[in-house]
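Here's target.csv, which has CSV, C-alpha atoms:
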chain,number,residue,atom,x,y,z
A,1,MET,CA,-119.1,-127.7,11.3
A,2,VAL,CA,-117.7,-131.2,10.9
A,3,CYS,CA,-117.4,-130.7,7.1
A,4,ILE,CA,-115.5,-127.4,7.5
A,5,VAL,CA,-113.0,-129.1,9.8
A,6,ALA,CA,-112.8,-132.1,7.5
A,7,PHE,CA,-112.2,-129.9,4.5
A,8,ILE,CA,-109.2,-128.2,6.2
A,9,VAL,CA,-107.8,-131.6,7.1
A,10,VAL,CA,-108.3,-133.0,3.6
A,11,LEU,CA,-106.8,-129.8,2.2
A,12,VAL,CA,-103.6,-130.4,4.2
A,13,LEU,CA,-103.5,-134.1,3.5
A,14,SER,CA,-104.0,-133.4,-0.3
A,15,ALA,CA,-100.8,-131.3,-0.3
A,16,VAL,CA,-98.7,-134.3,0.8
A,17,SER,CA,-100.6,-137.3,-0.8
A,18,ALA,CA,-102.5,-137.6,-4.0
A,19,LYS,CA,-105.0,-140.2,-2.7
A,20,TYR,CA,-106.8,-137.5,-0.7
A,21,ARG,CA,-107.3,-135.1,-3.6
A,22,LYS,CA,-110.3,-137.0,-5.0
A,23,LEU,CA,-112.1,-136.0,-1.8
A,24,LEU,CA,-111.1,-132.4,-2.0
A,25,GLY,CA,-113.9,-131.3,-4.4
A,26,LYS,CA,-116.6,-133.0,-2.3
A,27,ALA,CA,-115.2,-131.6,0.9
A,28,TRP,CA,-115.1,-128.1,-0.5
A,29,GLY,CA,-118.7,-128.3,-1.9
A,30,CYS,CA,-120.0,-129.3,1.6
A,31,ALA,CA,-117.8,-126.7,3.4
A,32,TRP,CA,-118.9,-123.9,1.1
A,33,ARG,CA,-122.5,-124.6,1.6
A,34,ARG,CA,-122.1,-124.5,5.3
A,35,VAL,CA,-120.1,-121.2,5.2
A,36,THR,CA,-122.9,-119.7,3.2
A,37,LEU,CA,-125.4,-121.0,5.8
A,38,ARG,CA,-127.0,-123.6,3.6
A,39,PRO,CA,-127.3,-127.3,4.4
A,40,CYS,CA,-124.8,-129.7,3.0
A,41,ASP,CA,-126.3,-131.4,-0.1
A,42,THR,CA,-123.8,-134.3,-0.1
A,43,THR,CA,-123.2,-137.2,2.2
A,44,PHE,CA,-119.7,-136.0,3.0
A,45,ARG,CA,-120.6,-134.8,6.5
A,46,ASP,CA,-122.2,-138.1,7.3
A,47,ASP,CA,-119.4,-140.1,5.7
A,48,VAL,CA,-116.9,-138.3,7.9
A,49,LYS,CA,-118.9,-138.8,11.1
A,50,ASN,CA,-119.6,-142.5,10.3
A,51,SER,CA,-116.0,-143.2,9.7
A,52,LEU,CA,-115.1,-141.8,13.1
A,53,LEU,CA,-118.0,-143.5,14.9
A,54,ALA,CA,-117.9,-146.9,13.3
A,55,PRO,CA,-115.4,-148.5,15.7
A,56,LEU,CA,-117.3,-147.1,18.6
A,57,ALA,CA,-120.6,-148.5,17.3
A,58,VAL,CA,-119.2,-152.0,17.3
A,59,ARG,CA,-117.8,-151.8,20.9
A,60,ALA,CA,-120.2,-149.5,22.7
A,61,PRO,CA,-123.4,-148.6,20.7
A,62,ARG,CA,-124.8,-146.6,23.5
A,63,LEU,CA,-121.9,-144.1,23.3
A,64,VAL,CA,-122.5,-143.3,19.6
A,65,ARG,CA,-125.0,-140.5,20.2
A,66,PRO,CA,-122.9,-138.7,22.9
A,67,ALA,CA,-119.8,-139.1,20.8
A,68,SER,CA,-121.6,-137.7,17.8
A,69,ILE,CA,-122.6,-134.6,19.8
A,70,ALA,CA,-119.0,-134.3,21.1
A,71,ILE,CA,-117.7,-134.4,17.5
A,72,GLU,CA,-120.0,-131.5,16.6
A,73,VAL,CA,-119.0,-129.5,19.6
A,74,LEU,CA,-115.3,-130.1,19.0
A,75,ALA,CA,-115.8,-129.1,15.3
A,76,TRP,CA,-117.4,-125.9,16.4
A,77,LEU,CA,-114.6,-125.1,18.8
A,78,MET,CA,-112.0,-125.8,16.1
A,79,VAL,CA,-113.7,-123.6,13.6
A,80,LEU,CA,-114.1,-120.8,16.1
A,81,SER,CA,-110.4,-121.2,17.0
A,82,LEU,CA,-109.5,-120.9,13.4
A,83,ILE,CA,-111.6,-117.8,12.9
A,84,VAL,CA,-110.0,-116.2,16.0
A,85,SER,CA,-106.6,-117.1,14.9
A,86,LEU,CA,-107.1,-115.7,11.4
A,87,TYR,CA,-108.4,-112.5,13.0
A,88,LEU,CA,-105.4,-112.2,15.3
A,89,VAL,CA,-103.0,-112.8,12.4
A,90,GLY,CA,-104.8,-110.2,10.3
A,91,ARG,CA,-104.9,-107.6,13.1
A,92,SER,CA,-101.2,-108.2,13.9
A,93,GLY,CA,-100.3,-107.8,10.2
A,94,LEU,CA,-102.3,-104.6,9.9
A,95,ASN,CA,-100.7,-103.2,13.1
A,96,LEU,CA,-97.2,-104.1,11.7
A,97,LEU,CA,-98.0,-102.2,8.5
A,98,VAL,CA,-99.4,-99.1,10.2
A,99,TYR,CA,-97.5,-98.8,13.5
A,100,GLY,CA,-94.4,-100.9,12.9
A,101,THR,CA,-95.4,-103.3,15.7
A,102,CYS,CA,-97.8,-106.3,15.7
A,103,ASP,CA,-99.2,-105.2,19.2
A,104,LYS,CA,-100.1,-101.6,19.4
A,105,GLN,CA,-101.2,-102.0,23.0
A,106,ASN,CA,-97.6,-102.9,23.9
A,107,ALA,CA,-95.1,-102.2,21.1
A,108,GLN,CA,-92.2,-103.7,23.0
A,109,ALA,CA,-94.0,-107.1,23.1
A,110,CYS,CA,-93.7,-107.7,19.4
A,111,SER,CA,-90.5,-109.4,18.3
A,112,LEU,CA,-90.9,-108.2,14.7
A,113,ALA,CA,-90.9,-104.5,15.8
A,114,ALA,CA,-87.9,-102.2,16.0
A,115,GLN,CA,-86.5,-101.6,19.5
A,116,ALA,CA,-88.6,-99.0,21.2
A,117,CYS,CA,-90.3,-97.7,24.3
A,118,SER,CA,-93.9,-98.3,23.8
A,119,ILE,CA,-96.7,-95.9,24.4
A,120,ASP,CA,-98.9,-98.4,26.2
A,121,ALA,CA,-102.6,-98.1,26.2
A,122,ILE,CA,-104.1,-96.6,29.3
A,123,GLN,CA,-107.3,-98.6,28.9
A,124,PRO,CA,-107.4,-102.3,29.9
A,125,GLY,CA,-106.6,-104.8,27.1
A,126,PHE,CA,-109.2,-107.2,25.7
A,127,TRP,CA,-108.6,-110.1,27.9
A,128,GLU,CA,-108.0,-107.9,31.0
A,129,ALA,CA,-111.4,-106.4,30.4
A,130,ILE,CA,-113.0,-109.8,29.9
A,131,GLY,CA,-111.5,-110.9,33.2
A,132,GLU,CA,-113.1,-107.9,34.9
A,133,GLY,CA,-116.5,-108.8,33.4
A,134,ASP,CA,-116.6,-105.9,31.0
A,135,VAL,CA,-117.5,-108.0,27.9
A,136,PHE,CA,-119.2,-105.3,25.9
A,137,GLY,CA,-116.5,-102.8,26.7
A,138,ALA,CA,-113.8,-105.3,25.7
A,139,PHE,CA,-115.4,-106.0,22.3
A,140,GLY,CA,-116.3,-102.3,21.8
A,141,ARG,CA,-112.7,-101.1,22.4
A,142,GLU,CA,-111.3,-104.0,20.3
A,143,PHE,CA,-113.4,-103.1,17.2
A,144,ALA,CA,-112.8,-99.3,17.7
A,145,SER,CA,-109.1,-100.0,17.9
A,146,VAL,CA,-109.1,-102.0,14.6
A,147,GLY,CA,-111.2,-99.2,13.0
A,148,ASP,CA,-108.7,-96.6,14.1
A,149,THR,CA,-105.9,-98.6,12.7
A,150,ILE,CA,-107.7,-99.0,9.3
A,151,ALA,CA,-108.4,-95.2,9.3
A,152,THR,CA,-104.6,-94.6,9.8
A,153,VAL,CA,-103.6,-96.6,6.8
A,154,PRO,CA,-103.8,-93.8,4.3
A,155,SER,CA,-101.5,-91.6,6.3
A,156,ARG,CA,-98.8,-94.2,6.3
A,157,LEU,CA,-98.8,-94.4,2.5
A,158,ARG,CA,-98.2,-90.6,2.0
A,159,THR,CA,-94.9,-88.8,1.8
A,160,TRP,CA,-94.0,-87.4,5.2
A,161,ASP,CA,-92.5,-84.0,5.6
A,162,ALA,CA,-91.0,-83.4,9.0
A,163,ALA,CA,-91.4,-79.6,8.7
A,164,ASP,CA,-95.2,-80.1,8.9
A,165,PHE,CA,-94.9,-81.3,12.5
A,166,ALA,CA,-92.1,-79.1,13.8
A,167,PRO,CA,-93.0,-76.7,16.6
A,168,ALA,CA,-93.1,-73.0,15.7
A,169,ASP,CA,-90.0,-72.3,17.9
A,170,ALA,CA,-88.1,-75.4,16.7
A,171,THR,CA,-84.4,-75.6,17.4
A,172,TYR,CA,-82.0,-77.8,15.5
A,173,LEU,CA,-79.1,-80.1,16.4
A,174,GLY,CA,-76.0,-78.2,15.4
A,175,GLY,CA,-78.1,-75.2,14.2
A,176,TYR,CA,-80.2,-74.7,11.1
A,177,THR,CA,-78.6,-74.9,7.7
A,178,ALA,CA,-80.5,-73.6,4.7
A,179,GLY,CA,-80.9,-76.2,1.9
A,180,ARG,CA,-80.9,-79.3,4.1
A,181,PRO,CA,-84.0,-81.4,4.5
A,182,THR,CA,-85.7,-81.4,7.9
A,183,ALA,CA,-85.9,-84.5,10.1
A,184,LEU,CA,-88.0,-84.7,13.3
A,185,GLU,CA,-87.7,-87.1,16.2
A,186,VAL,CA,-90.4,-87.8,18.7
A,187,LEU,CA,-88.5,-88.5,21.9
A,188,ASP,CA,-89.0,-89.2,25.6
A,189,PRO,CA,-85.9,-88.0,27.6
A,190,GLY,CA,-86.1,-91.1,29.8
A,191,CYS,CA,-86.2,-93.6,27.0
A,192,HIS,CA,-83.0,-95.6,26.5
A,193,TYR,CA,-83.7,-96.0,22.7
A,194,CYS,CA,-83.9,-92.3,22.3
A,195,ALA,CA,-80.4,-92.0,23.7
A,196,GLN,CA,-79.2,-94.7,21.3
A,197,LEU,CA,-80.8,-93.0,18.3
A,198,PHE,CA,-79.1,-89.7,19.3
A,199,ARG,CA,-75.8,-91.5,19.3
A,200,ASN,CA,-76.6,-93.3,16.0
A,201,MET,CA,-77.4,-90.0,14.4
A,202,ARG,CA,-74.0,-88.6,15.4
A,203,GLU,CA,-72.2,-91.7,14.2
A,204,ALA,CA,-74.0,-91.6,10.9
A,205,GLY,CA,-73.4,-87.9,10.4
A,206,PHE,CA,-77.2,-87.5,10.1
A,207,ASP,CA,-77.0,-84.1,11.7
A,208,GLN,CA,-74.6,-83.0,9.0
A,209,THR,CA,-77.1,-83.8,6.2
A,210,HIS,CA,-80.4,-82.9,7.9
A,211,ASN,CA,-81.8,-80.2,10.1
A,212,VAL,CA,-82.8,-82.4,13.0
A,213,THR,CA,-85.4,-81.1,15.4
A,214,TYR,CA,-87.7,-82.9,18.0
A,215,LEU,CA,-91.0,-83.1,19.8
A,216,ALA,CA,-90.7,-84.0,23.5
A,217,TYR,CA,-93.3,-86.6,24.4
A,218,PRO,CA,-93.1,-87.9,28.0
A,219,ILE,CA,-94.8,-91.3,27.9
A,220,ARG,CA,-97.6,-91.7,30.4
A,221,ALA,CA,-98.1,-94.8,32.4
A,222,GLY,CA,-101.1,-95.8,34.6
A,223,VAL,CA,-100.1,-93.3,37.3
A,224,GLY,CA,-97.7,-90.5,36.3
A,225,ASP,CA,-95.0,-90.9,33.6
A,226,LYS,CA,-93.2,-94.0,32.4
A,227,PHE,CA,-89.9,-92.5,33.3
A,228,ALA,CA,-89.3,-90.3,36.3
A,229,ASN,CA,-88.4,-86.7,35.5
A,230,SER,CA,-89.3,-87.0,31.8
A,231,GLN,CA,-92.0,-84.4,32.2
A,232,LEU,CA,-89.5,-82.1,34.1
A,233,ILE,CA,-86.9,-82.4,31.4
A,234,ALA,CA,-89.4,-81.9,28.6
A,235,THR,CA,-90.7,-78.8,30.4
A,236,TYR,CA,-87.1,-77.4,30.6
A,237,LEU,CA,-86.5,-78.2,26.9
A,238,THR,CA,-89.6,-76.4,25.9
A,239,ALA,CA,-88.9,-73.4,28.2
A,240,ILE,CA,-85.4,-73.0,26.7
A,241,ARG,CA,-86.9,-72.9,23.2
A,242,ALA,CA,-89.4,-70.2,24.4
A,243,PHE,CA,-86.6,-68.3,26.0
A,244,GLU,CA,-84.5,-68.4,22.8
A,245,ALA,CA,-87.5,-67.2,20.8
A,246,GLU,CA,-87.9,-64.3,23.2
A,247,ARG,CA,-84.4,-63.0,22.9
A,248,ALA,CA,-84.0,-63.7,19.1
A,249,PRO,CA,-83.8,-60.4,17.1
A,250,ALA,CA,-87.1,-59.2,15.6
A,251,GLY,CA,-87.9,-61.0,12.4
A,252,SER,CA,-85.4,-63.8,13.0
A,253,THR,CA,-85.7,-67.2,14.6
A,254,ASN,CA,-83.7,-69.1,17.3
A,255,ALA,CA,-82.7,-71.7,14.8
A,256,ALA,CA,-79.4,-70.4,13.5
A,257,ALA,CA,-77.1,-71.8,16.2
A,258,GLU,CA,-77.4,-74.8,18.5
A,259,THR,CA,-79.2,-73.9,21.7
A,260,GLY,CA,-79.2,-75.1,25.3
A,261,ASP,CA,-81.9,-77.7,24.9
A,262,TRP,CA,-79.6,-79.7,22.6
A,263,PHE,CA,-76.8,-79.3,25.1
A,264,ILE,CA,-79.0,-80.8,27.7
A,265,LEU,CA,-80.0,-83.7,25.4
A,266,GLU,CA,-76.4,-84.3,24.5
A,267,GLN,CA,-75.4,-84.4,28.2
A,268,LEU,CA,-78.4,-86.7,29.0
A,269,PHE,CA,-77.8,-89.1,26.1
A,270,THR,CA,-74.0,-89.3,25.7
A,271,THR,CA,-72.4,-88.8,29.1
A,272,GLN,CA,-71.7,-91.0,32.2
A,273,ALA,CA,-72.7,-90.2,35.8
A,274,ALA,CA,-70.2,-90.3,38.7
A,275,ASP,CA,-71.5,-93.7,39.8
A,276,GLY,CA,-70.6,-95.3,36.5
A,277,THR,CA,-74.2,-95.5,35.1
A,278,THR,CA,-75.3,-93.4,32.2
A,279,THR,CA,-76.5,-89.9,32.9
A,280,GLN,CA,-79.9,-90.9,31.6
A,281,GLU,CA,-80.1,-93.8,34.1
A,282,TRP,CA,-79.1,-91.4,36.9
A,283,MET,CA,-81.7,-88.9,35.8
A,284,ASN,CA,-84.4,-91.6,35.7
A,285,ALA,CA,-83.6,-92.5,39.3
A,286,ALA,CA,-83.0,-89.0,40.7
A,287,SER,CA,-85.4,-87.0,42.8
A,288,ALA,CA,-87.1,-84.1,41.2
A,289,ALA,CA,-85.0,-81.7,43.2
A,290,ASP,CA,-81.7,-83.3,42.2
A,291,ALA,CA,-82.8,-83.5,38.6
A,292,THR,CA,-83.7,-79.8,38.6
A,293,LEU,CA,-80.3,-78.8,40.0
A,294,ARG,CA,-78.6,-80.8,37.3
A,295,LEU,CA,-80.6,-79.2,34.5
A,296,GLN,CA,-79.8,-75.7,35.8
A,297,GLN,CA,-76.1,-76.7,36.2
A,298,TRP,CA,-76.1,-77.8,32.5
A,299,LEU,CA,-77.6,-74.4,31.5
A,300,SER,CA,-74.8,-72.6,33.4
A,301,ASP,CA,-72.2,-74.9,31.8
A,302,ASP,CA,-73.6,-74.0,28.4
A,303,GLY,CA,-73.0,-70.3,29.0
A,304,TYR,CA,-76.4,-69.1,30.2
A,305,THR,CA,-76.1,-66.4,32.9
A,306,ALA,CA,-77.8,-66.5,36.2
A,307,ASP,CA,-80.5,-64.1,34.9
A,308,ASP,CA,-81.0,-66.3,31.8
A,309,VAL,CA,-81.4,-69.4,34.0
A,310,ALA,CA,-83.9,-67.5,36.3
A,311,ARG,CA,-86.0,-66.5,33.3
A,312,ILE,CA,-86.0,-70.1,31.9
A,313,VAL,CA,-87.1,-71.4,35.3
A,314,GLU,CA,-89.9,-68.8,35.3
A,315,LEU,CA,-91.0,-70.0,31.9
A,316,THR,CA,-91.2,-73.6,33.0
A,317,GLY,CA,-94.3,-72.6,35.0
A,318,SER,CA,-95.8,-70.4,32.3
A,319,PRO,CA,-99.1,-71.1,30.4
A,320,GLU,CA,-97.1,-70.7,27.1
A,321,VAL,CA,-94.8,-73.6,27.9
A,322,ALA,CA,-97.7,-75.7,29.2
A,323,ALA,CA,-99.6,-75.0,25.9
A,324,SER,CA,-96.6,-75.9,23.8
A,325,LEU,CA,-96.2,-79.3,25.6
A,326,GLN,CA,-99.8,-80.1,25.2
A,327,HIS,CA,-99.7,-79.2,21.5
A,328,ALA,CA,-96.7,-81.5,21.0
A,329,ARG,CA,-98.7,-84.3,22.7
A,330,GLU,CA,-101.7,-83.7,20.4
A,331,VAL,CA,-99.5,-83.7,17.3
A,332,VAL,CA,-97.9,-87.1,18.3
A,333,GLU,CA,-101.2,-88.7,19.3
A,334,ASN,CA,-103.6,-87.3,16.6
A,335,GLU,CA,-101.4,-86.5,13.6
A,336,ILE,CA,-98.3,-88.6,13.7
A,337,ARG,CA,-100.2,-91.4,15.6
A,338,THR,CA,-97.2,-93.4,16.6
A,339,VAL,CA,-97.2,-96.0,19.4
A,340,SER,CA,-93.4,-96.3,19.5
A,341,ILE,CA,-90.8,-93.9,21.0
A,342,PRO,CA,-88.5,-92.9,19.4
A,343,SER,CA,-90.1,-92.2,16.0
A,344,LEU,CA,-88.3,-90.4,13.3
A,345,ILE,CA,-89.7,-88.5,10.3
A,346,GLY,CA,-87.1,-88.4,7.6
A,347,GLY,CA,-86.5,-89.3,4.0
A,348,GLY,CA,-90.2,-88.9,3.3
A,349,ARG,CA,-91.1,-91.7,5.7
A,350,LEU,CA,-92.1,-92.3,9.3
A,351,HIS,CA,-89.6,-94.7,11.0
A,352,THR,CA,-91.0,-96.2,14.2
A,353,GLY,CA,-88.5,-97.4,16.9
A,354,LEU,CA,-84.8,-97.3,16.9
A,355,VAL,CA,-83.2,-96.5,13.5
A,356,ASP,CA,-79.8,-98.0,12.9
A,357,VAL,CA,-76.7,-96.2,11.6
A,358,ASP,CA,-76.8,-97.7,8.1
A,359,THR,CA,-80.4,-96.8,7.6
A,360,LEU,CA,-79.7,-93.2,8.8
A,361,ARG,CA,-76.8,-93.0,6.3
A,362,GLY,CA,-79.2,-94.2,3.6
A,363,LEU,CA,-81.6,-91.3,4.4
A,364,GLY,CA,-78.8,-88.8,3.8

Encoded form using structure tokens:
Amino acid sequence: MVCIVAFIVVLVLSAVSAKYRKLLGKAWGCAWRRVTLRPCDTTFRDDVKNSLLAPLAVRAPRLVRPASIAIEVLAWLMVLSLIVSLYLVGRSGLNLLVYGTCDKQNAQACSLAAQACSIDAIQPGFWEAIGEGDVFGAFGREFASVGDTIATVPSRLRTWDAADFAPADATYLGGYTAGRPTALEVLDPGCHYCAQLFRNMREAGFDQTHNVTYLAYPIRAGVGDKFANSQLIATYLTAIRAFEAERAPAGSTNAAAETGDWFILEQLFTTQAADGTTTQEWMNAASAADATLRLQQWLSDDGYTADDVARIVELTGSPEVAASLQHAREVVENEIRTVSIPSLIGGGRLHTGLVDVDTLRGLG
């Protein structure tokens, strides 16, 4: 491996000094033969080692052999380090292309990614698994993850149509308007960046140029959900859609006017709590009982009668709503395959993470 390391060094030196360029061809010939598992047919390897060991041979001849072995070991370590580095750079670039983040295990950890709440991997990471002694599992999951990323590449190159992913009982911000393109947001009610995206859409007038709908996706953590009460809010949002579909006239949909689920999202994402924090922050810290009371109060504030609220509460425990929530999760994980919340499908593309106002205006 000495000749491979030497070739890399000579290559760098040749870029800054012409006197090293005459060695470049010889270094490359030796390195190429080693890469292709053939012995080096030049004296380049020996020349490099001899030049390094010559001063030592004069002062301490007995140390030449151990030093020679140390040079080989060091060369192997440098080559392996180079291979690992190239792999990590390639994997990060591929993840950035496919998922919009260089680390799909933790989207928030990548400085090149848009701001987002990451859908963190439930399984242990590579080094965590190595530390636990699960070497085969670590490599198996690593290669499976890269294979999954490669398999996802074709979907990222297609033209995205948000209507393909919208739920059957979809509702729309401001109501549905014929002739407008559909945009779909994957959101977690507890994610700060989802609240910011909602405000950005309003500022950009995005809801005036698109029929905006959503899929509620509470991000799961190791135990429970990433944000307290996200599952509860998502259940109420889904139950409201089911309720509106129930009472819609035969042959029509519940999409014509803005519905209570959007009123809840607006209250959650744009208002302040009594203690000065945002309502979303209050909800993330509230008990399930207090969060439930607030959701039901919002329904009353939006004009739902006591009977309407009672029916929505009944629907929150129904198999229909549970199936709808599970279907939304499967769409996000198996079809959209995003690792960042929010994610927005609009303008024929999938936008992962927070989308700024200027970009939203450009999609109009």

### Message
Applying 10 Å and only C-alpha atoms, which residues near Pro189 of chain A remain after dropping the ones on its own chain fewer than 4 positions away? List them as a list in words.
### Response
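Close residues of Pro189 of chain A: Tyr193, Cys194, Ala195, Ala216, Tyr217, Pro218, Ile219, Phe227, Ala228, Asn229, Ser230, Gln231, Leu232, Ile233, Ala234, Leu237, Ile264, Leu265, Leu268, Phe269, Gln280, Met283, Asn284 and Pro342 of chain A.
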
Can those selected residues be exported to a file as a tab-separated table (two decimals), in the frame of the given file so that it contains C-alpha atoms?
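Saved result, selection33.tsv, follows:
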chain	number	residue	atom	x	y	z
A	193	TYR	CA	-83.70	-96.00	22.70
A	194	CYS	CA	-83.90	-92.30	22.30
A	195	ALA	CA	-80.40	-92.00	23.70
A	216	ALA	CA	-90.70	-84.00	23.50
A	217	TYR	CA	-93.30	-86.60	24.40
A	218	PRO	CA	-93.10	-87.90	28.00
A	219	ILE	CA	-94.80	-91.30	27.90
A	227	PHE	CA	-89.90	-92.50	33.30
A	228	ALA	CA	-89.30	-90.30	36.30
A	229	ASN	CA	-88.40	-86.70	35.50
A	230	SER	CA	-89.30	-87.00	31.80
A	231	GLN	CA	-92.00	-84.40	32.20
A	232	LEU	CA	-89.50	-82.10	34.10
A	233	ILE	CA	-86.90	-82.40	31.40
A	234	ALA	CA	-89.40	-81.90	28.60
A	237	LEU	CA	-86.50	-78.20	26.90
A	264	ILE	CA	-79.00	-80.80	27.70
A	265	LEU	CA	-80.00	-83.70	25.40
A	268	LEU	CA	-78.40	-86.70	29.00
A	269	PHE	CA	-77.80	-89.10	26.10
A	280	GLN	CA	-79.90	-90.90	31.60
A	283	MET	CA	-81.70	-88.90	35.80
A	284	ASN	CA	-84.40	-91.60	35.70
A	342	PRO	CA	-88.50	-92.90	19.40

### Task
Find the residues near segment 148-163 of chain A: any atom within 7 Å, counting all atoms listed in the file, skip ones fewer than 2 places away on the same chain, and give them as a list in words.
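Contacts, in chain order: Asn95, Val98, Ala144, Ser145, Val146, Phe165, Ala166, Thr182, Ala183, Leu184, Ile345, Gly346, Gly348, Arg349 and Leu350 of chain A.
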
#### Entry: Distance in Å - atom CA of Gln326 of chain A versus atom CA of Tyr176 of chain A
24.7 Å

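Separating atom CA of Arg180 of chain A from atom CA of Asn211 of chain A is a distance of 6.1 Å.
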
### Task
Can you work out which one of A:Phe198, A:Trp282, A:Phe136, A:Phe206 has the shortest atom-to-atom distance to Thr359 of chain A, counting all atoms listed in the file?
A:Phe206

### Message
Need the shell around segment 352-356 of chain A: protein/DNA/RNA residues with any atom at most 6 Å away, counting all atoms listed in the file. Skip same-chain ones fewer than 4 positions apart. Format as an MDAnalysis selection string?
### Response
chainID A and resid 100 114:116 340:343

Store the residues picked out above, limited to C-alpha atoms, as a JSON list (two decimals), in the coordinates of the input.
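Contents of again.json, as written:
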[["chain", "number", "residue", "atom", "x", "y", "z"],
["A", 100, "GLY", "CA", -94.40, -100.90, 12.90],
["A", 114, "ALA", "CA", -87.90, -102.20, 16.00],
["A", 115, "GLN", "CA", -86.50, -101.60, 19.50],
["A", 116, "ALA", "CA", -88.60, -99.00, 21.20],
["A", 340, "SER", "CA", -93.40, -96.30, 19.50],
["A", 341, "ILE", "CA", -90.80, -93.90, 21.00],
["A", 342, "PRO", "CA", -88.50, -92.90, 19.40],
["A", 343, "SER", "CA", -90.10, -92.20, 16.00]]

### Message
I'd like to know which of A:Ile119, A:Ala306, A:Val339, A:Ala328 is closest to Asp225 of chain A, using all atoms listed in the file.
### Response
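Using all atoms listed in the file, the shortest distance to Asp225 of chain A belongs to A:Ile119.
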
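Nearest to Glu314 of chain A of all the residues A:Arg141, A:Gln267, A:Leu187, A:Ala239 is A:Ala239, based on all atoms listed in the file.
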
Return as lines of an AutoDock Vina configuration file the centre and edge lengths, in Å with one decimal, of the box along x, y and z that encloses every atom of segment 126-142 of chain A in the file, padded by 4 Å per side.
center_x = -113.6
center_y = -106.0
center_z = 27.6
size_x = 19.2
size_y = 17.8
size_z = 22.6

### Task
Would you mind listing what lies within 8 Å of Gly260 of chain A as an NGL selection string, with only C-alpha atoms counted and same-chain residues fewer than 2 positions away left out?
:A and (240 or 258 or 262-264 or 299 or 302)

Mind dumping the selected residues with C-alpha atoms as an mmCIF file, in the frame of the given file?
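Now in again_24.cif:
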data_model
loop_
_atom_site.group_PDB
_atom_site.id
_atom_site.type_symbol
_atom_site.label_atom_id
_atom_site.label_comp_id
_atom_site.auth_asym_id
_atom_site.auth_seq_id
_atom_site.Cartn_x
_atom_site.Cartn_y
_atom_site.Cartn_z
ATOM 1 C CA ILE A 240 -85.400 -73.000 26.700
ATOM 2 C CA GLU A 258 -77.400 -74.800 18.500
ATOM 3 C CA TRP A 262 -79.600 -79.700 22.600
ATOM 4 C CA PHE A 263 -76.800 -79.300 25.100
ATOM 5 C CA ILE A 264 -79.000 -80.800 27.700
ATOM 6 C CA LEU A 299 -77.600 -74.400 31.500
ATOM 7 C CA ASP A 302 -73.600 -74.000 28.400
#

### Task
May I ask which of the residues A:His192, A:Arg361, A:Arg241, A:Lys104 is the closest one to Tyr214 of chain A, counting all atoms listed in the file?
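The closest residue to Tyr214 of chain A is A:Arg241.
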
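Reported to one decimal place, the separation of atom CA of Glu128 of chain A from atom CA of Tyr99 of chain A is 22.3 Å.
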